[in-house]
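Quick look at data-v9.csv (CSV, C-alpha atoms and all ligand atoms):
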chain,number,residue,atom,x,y,z
A,1,MET,CA,93.5,95.5,129.1
A,2,LEU,CA,93.1,95.0,132.8
A,3,ALA,CA,89.5,93.7,132.3
A,4,ASN,CA,91.0,90.8,130.5
A,5,ARG,CA,93.2,89.6,133.3
A,6,MET,CA,92.7,86.0,134.3
A,7,SER,CA,92.8,84.6,137.8
A,8,PHE,CA,94.5,81.3,138.1
A,9,ARG,CA,96.6,79.4,140.7
A,10,VAL,CA,100.3,78.7,140.3
A,11,VAL,CA,101.8,75.4,141.3
A,12,ASP,CA,105.2,73.7,141.0
A,13,TYR,CA,106.1,70.6,139.1
A,14,ASP,CA,105.2,68.2,141.9
A,15,GLU,CA,101.8,69.8,142.4
A,16,LEU,CA,100.7,69.4,138.7
A,17,ASP,CA,98.1,66.7,138.1
A,18,ALA,CA,99.3,63.7,136.1
A,19,ASP,CA,97.0,64.5,133.3
A,20,HIS,CA,98.6,67.9,132.8
A,21,GLY,CA,101.8,66.2,131.7
A,22,THR,CA,101.0,66.5,128.0
A,23,GLN,CA,100.2,70.2,128.2
A,24,ALA,CA,103.3,70.9,130.2
A,25,SER,CA,105.3,69.1,127.5
A,26,CYS,CA,103.7,71.3,124.9
A,27,HIS,CA,105.0,74.3,126.8
A,28,GLU,CA,108.5,72.8,126.8
A,29,ILE,CA,108.2,72.2,123.1
A,30,MET,CA,107.1,75.8,122.6
A,31,ALA,CA,110.1,77.0,124.5
A,32,TYR,CA,112.8,74.6,123.4
A,33,GLY,CA,111.5,72.7,120.4
A,34,SER,CA,111.6,69.4,122.3
A,35,SER,CA,110.5,67.9,125.6
A,36,GLY,CA,111.4,65.0,127.8
A,37,ASP,CA,109.3,62.8,130.0
A,38,ASP,CA,108.8,62.7,133.7
A,39,SER,CA,111.8,60.3,134.1
A,40,ARG,CA,114.1,62.9,132.6
A,41,VAL,CA,112.9,65.6,135.0
A,42,ARG,CA,113.3,63.1,137.9
A,43,THR,CA,116.9,62.4,136.8
A,44,MET,CA,117.8,66.1,136.5
A,45,ARG,CA,116.4,66.8,140.0
A,46,LEU,CA,118.1,63.8,141.6
A,47,ARG,CA,121.5,64.9,140.2
A,48,ALA,CA,120.6,68.3,141.7
A,49,THR,CA,122.7,70.2,139.2
A,50,GLY,CA,121.4,73.1,137.2
A,51,VAL,CA,117.7,73.0,138.2
A,52,ALA,CA,115.8,74.3,141.2
A,53,PRO,CA,114.5,71.6,143.6
A,54,TYR,CA,110.9,72.4,142.5
A,55,TYR,CA,111.9,72.5,138.8
A,56,GLY,CA,109.4,75.0,137.6
A,57,MET,CA,106.1,76.9,138.1
A,58,TYR,CA,102.9,76.2,136.1
A,59,ALA,CA,99.4,77.7,135.8
A,60,PRO,CA,96.9,74.9,135.6
A,61,ASP,CA,93.4,75.9,134.7
A,62,GLY,CA,90.9,73.0,134.4
A,63,GLN,CA,92.3,70.6,131.7
A,64,ASP,CA,94.7,73.3,130.5
A,65,VAL,CA,98.1,74.5,131.5
A,66,LEU,CA,98.1,78.3,130.8
A,67,GLY,CA,101.8,78.8,131.0
A,68,GLN,CA,105.1,77.8,132.6
A,69,VAL,CA,108.4,79.1,133.9
A,70,LEU,CA,111.3,76.7,134.4
A,71,VAL,CA,113.9,77.5,137.1
A,72,HIS,CA,117.6,76.8,136.8
A,73,ARG,CA,119.9,77.1,139.8
A,74,PHE,CA,123.6,77.6,139.6
A,75,ASN,CA,126.5,79.5,141.2
A,76,PHE,CA,127.1,83.0,139.9
A,77,VAL,CA,130.3,85.0,140.4
A,78,PHE,CA,129.5,88.5,141.7
A,79,PRO,CA,131.7,91.6,141.2
A,80,ASP,CA,133.2,91.2,144.7
A,81,GLY,CA,134.5,87.7,143.6
A,82,THR,CA,132.1,85.7,145.8
A,83,SER,CA,130.2,82.8,144.2
A,84,ARG,CA,126.6,82.4,145.4
A,85,PRO,CA,123.6,80.4,144.1
A,86,VAL,CA,121.1,82.3,141.9
A,87,SER,CA,117.9,81.2,140.1
A,88,ALA,CA,117.5,81.7,136.4
A,89,LEU,CA,114.2,81.7,134.6
A,90,ALA,CA,114.0,79.8,131.4
A,91,GLY,CA,111.3,78.5,129.0
A,92,ILE,CA,108.8,81.2,129.9
A,93,THR,CA,105.7,80.5,127.8
A,94,ALA,CA,102.0,81.3,127.9
A,95,ARG,CA,99.3,79.8,125.7
A,96,PRO,CA,98.8,82.0,122.7
A,97,ASP,CA,95.0,81.8,123.0
A,98,ARG,CA,95.3,83.6,126.4
A,99,ALA,CA,97.9,86.1,125.4
A,100,ARG,CA,98.2,89.4,127.2
A,101,ARG,CA,95.9,88.3,130.1
A,102,GLY,CA,98.6,88.3,132.7
A,103,VAL,CA,99.5,84.6,132.7
A,104,ALA,CA,103.3,85.1,132.3
A,105,ARG,CA,103.3,88.0,134.8
A,106,GLY,CA,101.3,86.0,137.4
A,107,ILE,CA,103.6,82.9,137.1
A,108,ILE,CA,106.8,85.0,137.5
A,109,ARG,CA,105.3,86.9,140.5
A,110,ALA,CA,104.6,83.5,142.1
A,111,PHE,CA,108.2,82.5,141.4
A,112,LEU,CA,109.5,85.7,143.0
A,113,GLU,CA,107.4,85.1,146.1
A,114,ARG,CA,108.5,81.5,146.3
A,115,GLU,CA,112.3,82.2,146.1
A,116,GLU,CA,114.1,80.5,148.9
A,117,ASP,CA,116.3,81.7,151.7
A,118,GLY,CA,119.8,82.4,150.5
A,119,ILE,CA,118.8,83.1,146.9
A,120,ASP,CA,118.8,86.8,146.5
A,121,HIS,CA,119.1,87.2,142.8
A,122,SER,CA,117.3,85.8,139.8
A,123,LEU,CA,118.4,86.1,136.2
A,124,LEU,CA,116.9,85.6,132.7
A,125,TRP,CA,118.1,85.9,129.2
A,126,ILE,CA,116.3,88.7,127.4
A,127,ASN,CA,117.1,91.3,124.8
A,128,ARG,CA,115.7,94.8,124.5
A,129,SER,CA,114.5,93.9,121.0
A,130,TRP,CA,112.2,91.0,122.3
A,131,GLN,CA,108.6,91.9,122.5
A,132,ALA,CA,108.1,91.0,126.1
A,133,HIS,CA,111.1,93.0,127.5
A,134,ASP,CA,108.7,95.4,129.4
A,135,LEU,CA,107.2,92.4,131.3
A,136,TYR,CA,110.5,91.8,133.0
A,137,THR,CA,111.5,95.4,133.6
A,138,SER,CA,108.1,96.0,135.2
A,139,LEU,CA,108.8,93.1,137.6
A,140,GLY,CA,112.1,94.7,138.7
A,141,PHE,CA,114.6,92.9,136.4
A,142,ARG,CA,117.4,95.2,135.1
A,143,ASP,CA,119.5,94.9,132.0
A,144,MET,CA,123.0,93.9,133.0
A,145,PHE,CA,124.9,93.7,129.8
A,146,SER,CA,124.5,94.9,126.2
A,147,PRO,CA,127.3,94.0,123.8
A,148,PRO,CA,129.0,97.2,122.6
A,149,LEU,CA,128.9,96.2,119.0
A,150,ALA,CA,126.4,95.0,116.4
A,151,TYR,CA,126.9,94.3,112.8
A,152,ARG,CA,124.8,93.6,109.8
A,153,ARG,CA,125.8,92.2,106.5
A,154,VAL,CA,125.7,94.8,103.8
A,155,PRO,CA,123.6,93.3,101.0
A,156,GLN,CA,125.9,94.3,98.2
A,157,ARG,CA,129.6,94.3,98.5
A,158,ARG,CA,131.0,97.8,98.1
A,159,GLN,CA,134.5,99.0,98.4
A,160,VAL,CA,134.6,101.7,101.1
A,161,ALA,CA,138.0,103.1,102.1
A,162,GLY,CA,138.9,102.0,105.7
A,163,ALA,CA,135.9,99.7,105.9
A,164,VAL,CA,136.0,96.7,108.3
A,165,SER,CA,136.0,93.3,106.6
A,166,PHE,CA,135.2,89.9,107.9
A,167,ALA,CA,137.3,86.8,107.6
A,168,ARG,CA,137.2,83.3,109.0
A,169,CYS,CA,139.5,83.1,112.1
A,170,GLY,CA,141.9,80.3,112.8
A,171,MET,CA,144.7,79.3,115.2
A,172,LYS,CA,146.9,82.2,114.0
A,173,ASP,CA,144.4,84.6,115.6
A,174,ILE,CA,144.3,83.0,119.0
A,175,ARG,CA,146.3,85.7,120.8
A,176,SER,CA,144.0,88.5,119.5
A,177,ILE,CA,140.9,86.4,120.4
A,178,VAL,CA,142.2,85.8,124.0
A,179,LYS,CA,142.9,89.6,124.4
A,180,MET,CA,139.5,90.5,123.0
A,181,HIS,CA,137.8,88.0,125.3
A,182,ALA,CA,139.6,89.3,128.4
A,183,ARG,CA,138.8,92.9,127.5
A,184,THR,CA,135.1,92.0,127.0
A,185,CYS,CA,134.9,90.3,130.4
A,186,GLU,CA,136.5,93.2,132.4
A,187,GLY,CA,134.1,94.7,135.0
A,188,ARG,CA,131.0,92.8,133.8
A,189,THR,CA,128.8,91.3,136.5
A,190,GLY,CA,128.6,87.5,136.2
A,191,ILE,CA,131.0,87.3,133.2
A,192,VAL,CA,134.3,85.7,134.0
A,193,PHE,CA,137.4,85.2,131.9
A,194,LEU,CA,137.7,81.6,130.7
A,195,PRO,CA,141.4,80.8,130.2
A,196,PRO,CA,142.3,79.4,126.8
A,197,GLU,CA,143.3,76.0,128.4
A,198,SER,CA,139.6,75.4,129.1
A,199,TRP,CA,138.5,76.1,125.5
A,200,GLY,CA,139.0,72.5,124.4
A,201,HIS,CA,135.3,71.9,124.1
A,202,LEU,CA,134.8,74.8,121.6
A,301,LIG,C1,106.2,86.3,126.1
A,301,LIG,C2,105.0,85.5,126.7
A,301,LIG,C3,105.5,84.5,127.7
A,301,LIG,C4,104.1,86.6,127.3
A,301,LIG,O1,103.0,85.9,127.9
A,301,LIG,P1,101.6,86.6,128.3
A,301,LIG,O2,100.9,85.7,129.3
A,301,LIG,O3,100.9,86.9,127.1
A,301,LIG,O4,102.2,87.9,129.0
A,301,LIG,P2,101.4,88.9,130.1
A,301,LIG,O5,99.9,88.9,129.7
A,301,LIG,O6,101.7,88.4,131.4
A,301,LIG,O7,102.1,90.2,129.6
A,301,LIG,C5,102.7,91.0,130.5
A,301,LIG,C6,103.4,92.1,129.8
A,301,LIG,O8,104.4,91.6,128.9
A,301,LIG,C7,104.5,92.5,127.7
A,301,LIG,N1,104.1,91.7,126.5
A,301,LIG,C8,103.7,90.4,126.5
A,301,LIG,N2,103.5,90.0,125.2
A,301,LIG,C9,103.8,91.1,124.5
A,301,LIG,C10,103.8,91.3,123.1
A,301,LIG,N3,103.5,90.3,122.2
A,301,LIG,N4,104.2,92.5,122.6
A,301,LIG,C11,104.6,93.5,123.4
A,301,LIG,N5,104.6,93.4,124.8
A,301,LIG,C12,104.2,92.2,125.3
A,301,LIG,C13,103.6,93.7,128.0
A,301,LIG,O9,104.3,94.6,128.7
A,301,LIG,C14,102.5,93.0,128.9
A,301,LIG,O10,101.9,93.9,129.7
A,301,LIG,P3,100.5,94.6,129.2
A,301,LIG,O11,99.6,93.4,128.6
A,301,LIG,O12,99.9,95.1,130.4
A,301,LIG,O13,100.9,95.6,128.2
A,301,LIG,C15,104.2,84.8,125.6
A,301,LIG,O14,103.9,85.7,124.5
A,301,LIG,C16,105.0,83.6,124.9
A,301,LIG,O15,104.9,82.5,125.4
A,301,LIG,N6,105.8,83.9,123.9
A,301,LIG,C17,106.6,82.9,123.2
A,301,LIG,C18,107.8,82.5,124.1
A,301,LIG,C19,108.7,83.6,124.5
A,301,LIG,O16,109.0,84.5,123.7
A,301,LIG,N7,109.0,83.6,125.8
A,301,LIG,C20,109.9,84.6,126.4
A,301,LIG,C21,111.3,84.3,126.4
A,301,LIG,S1,112.2,85.3,127.5
Would you mind giving the structure from this file in structure tokens?
Amino acid sequence: MLANRMSFRVVDYDELDADHGTQASCHEIMAYGSSGDDSRVRTMRLRATGVAPYYGMYAPDGQDVLGQVLVHRFNFVFPDGTSRPVSALAGITARPDRARRGVARGIIRAFLEREEDGIDHSLLWINRSWQAHDLYTSLGFRDMFSPPLAYRRVPQRRQVAGAVSFARCGMKDIRSIVKMHARTCEGRTGIVFLPPESWGHL
């Protein structure tokens, strides 16, 4: 496997050549199913909310862009109650025709080296069942939270004594939902209780 490793440089959004724009968009489509143009990126960066000043890291190689990592930036509540900025990786993609040649690993390493003063944690959303989970643990990321429950629908309905059943919830269940939500948030790094008054958007 090591013999297949590629060498490439990693640059940020501003260092990409203009003619890499289409390929960078292809990576965004691969990650999110859609992509915006340069003016959307400019607007996001000007508003300075939610994205790192450099927006993302890319691996250009000739006419190609081998992969990307987009970098979000937001405040995160730590267990001691302090709120500090963290970076969050998103939209991690590598070209399928160069898979398993160290592209994603190289870009994330470059991101970790680049991280700025005052940003001492980075996050990403990953699940143990995802294929590339080992990539992140091998780079030092640690699982923070696994939901204590999982369910699957039983293909054929059977009557089992004492079995749990599912029903659509409504306003009558609000007290139980608030209690369950509060209990789930307790002692979990980065997860805060959202009071019901702010649930209007749900
Ligand atoms: C996941 C993805 C970014 C990996 O890119 P890549 O450049 O092929 O990854 P790397 O070559 O740097 O792989 C590094 C490690 O990740 C793990 N990994 C990557 N792809 C894997 C796969 N398909 N199955 C199992 N492990 C995998 C391995 O541990 C690998 O190390 P190894 O090759 O020494 O065994 C790429 O497959 C992709 O774009 N997938 C679609 C989008 C996606 O799932 N993004 C991740 C969202 S968090």
Near-ligand residues for ligand LIG 301 (chain A), threshold 10 Å, all atoms listed in the file, as number ranges by chain: A: 1-2, 4-6, 27, 30-32, 66-69, 89-109, 124-127, 130-139
One-decimal distance in Å that lies between CA of Asp14 (chain A) and CA of Asp61 (chain A): 15.8 Å
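Relative to CA of Tyr55 (chain A), CA of Val77 (chain A) is found at 22.3 Å.
Picture a line from CA of Ser176 (chain A) to CA of Arg153 (chain A); it runs 22.7 Å.
Nearest-residue note for Asp12 (chain A): choosing from A:Thr82, A:Gln63, A:Asn75, A:Ala110, the minimum distance belongs to A:Ala110, counting all atoms listed in the file.
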Selection near region 43-45 of chain A, 12 Å with all atoms listed in the file, sequence-local residues under 2 positions removed, as number ranges by chain: A: 13-14, 36-41, 47-56, 71-73
Exercise: region 164-170 of chain A partners within 12 Å, all atoms listed in the file, chain neighbours under 4 positions left out, as a count of residues only: 12
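Among the candidates A:Ile119, A:Leu16, A:Met144, A:Cys26, the one nearest to Arg188 (chain A) when counting all atoms listed in the file is A:Met144.
Closest to Val192 (chain A) among A:Gly140, A:Gly33, A:Pro79, A:Pro60 is A:Pro79, based on all atoms listed in the file.
Shortest atom-to-atom contact with Glu15 (chain A) among A:Leu123, A:Met171, A:Met57, A:Cys185: A:Met57, counting only C-alpha atoms.
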